[in-house]
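Visitor: The structure is given below, and queries will be raised subsequently.
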Amino acid sequence: MSIDVSAETVIKRPRSEVAAFVLEPANEPKWIGGIVESERVTPGPIVVGSRVRRVAKFLFRRIEYAPEVTEFTPNERLSMRTDKPFAMVIDYEFTDEGPHTRVRTRLRGGPARLGLAEPLLALNVRRSIGGDLRRLRALLERPAPAPTSR
């Protein structure tokens, strides 16, 4: 695989809540940059073999792909693999950080034969997943709206 990048952050929410939000495909367009649609292809809870259809916009192009879950431990780890738009493995890990949650995203793969462009692609992917985690943290740490009185 041509690139291997990761990013992590700590979110001030319990691990079960963070993992539940991340693992719900309908939430992906809210926090993963470039994803405009995401839905389960396989019914039921997430298990090894489950697929999620994702539609992304990249360089004004629509890219549709359906990564398959290759490893899953509830509230701890999810690993997915896809061959489109190029071969890649995406990992999400959740660990306790006191009463909070450390989330780590790792992406391995990329187009074959990048040559001199490989470091630039790796830098852009690292920035992208770092931005995804910042959006995730902002969403999950947002204060609940105050109740309205009538």
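Scheme for the structure tokens: letters A, B, ... for chains in order shown; per-chain residue numbers from 1; ligand numbers from 1 in order shown.
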With a distance cut-off of 6 Å and only C-alpha atoms, select the neighbouring residues of region 85-96 of chain A, excluding the residue or stretch itself and same-chain residues fewer than 3 positions from it, and output the selection as a list of chain:residue names.
Guide: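 So the residues in contact are A:Glu76, A:Arg77, A:Leu78, A:Ser79, A:Met80, A:Arg81, A:Thr82, A:His100, A:Thr101, A:Arg102, A:Val103, A:Arg104, A:Thr105, A:Arg106, A:Leu107, A:Arg108, A:Gly109, A:Gly110, A:Pro111.
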Visitor: Please provide as a list in words all residues within 6 Å of region 41-55 of chain A, with the sequence filter that same-chain residues fewer than 2 positions apart are discarded (counting only C-alpha atoms).
Guide: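 My list of contacting residues is Ile35, Val36, Glu37, Ser38, Glu39, Ile63, Glu64, Tyr65, Ala66, Pro67, Glu68, Val69, Thr70 and Glu71 of chain A.
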Visitor: Just asking: which residues within region 23-89 of chain A are helix (DSSP H, G or I) according to DSSP, as a PyMOL selection string?
Guide: chain A and resi 25-31
Visitor: Which one of A:Leu139, A:Leu120, A:Asp132, A:Ala56 sits closest to Ser2 (chain A) if you count only C-alpha atoms?
Guide: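 Checking each of A:Leu139, A:Leu120, A:Asp132, A:Ala56 against Ser2 (chain A), counting only C-alpha atoms, the winner is A:Leu120.
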Visitor: Might you pull out every residue within 8 Å of Val18 (chain A), with only C-alpha atoms counted and same-chain residues fewer than 5 positions away left off, and present them as a PyMOL selection string?
Guide: chain A and resi 11+13+101+140
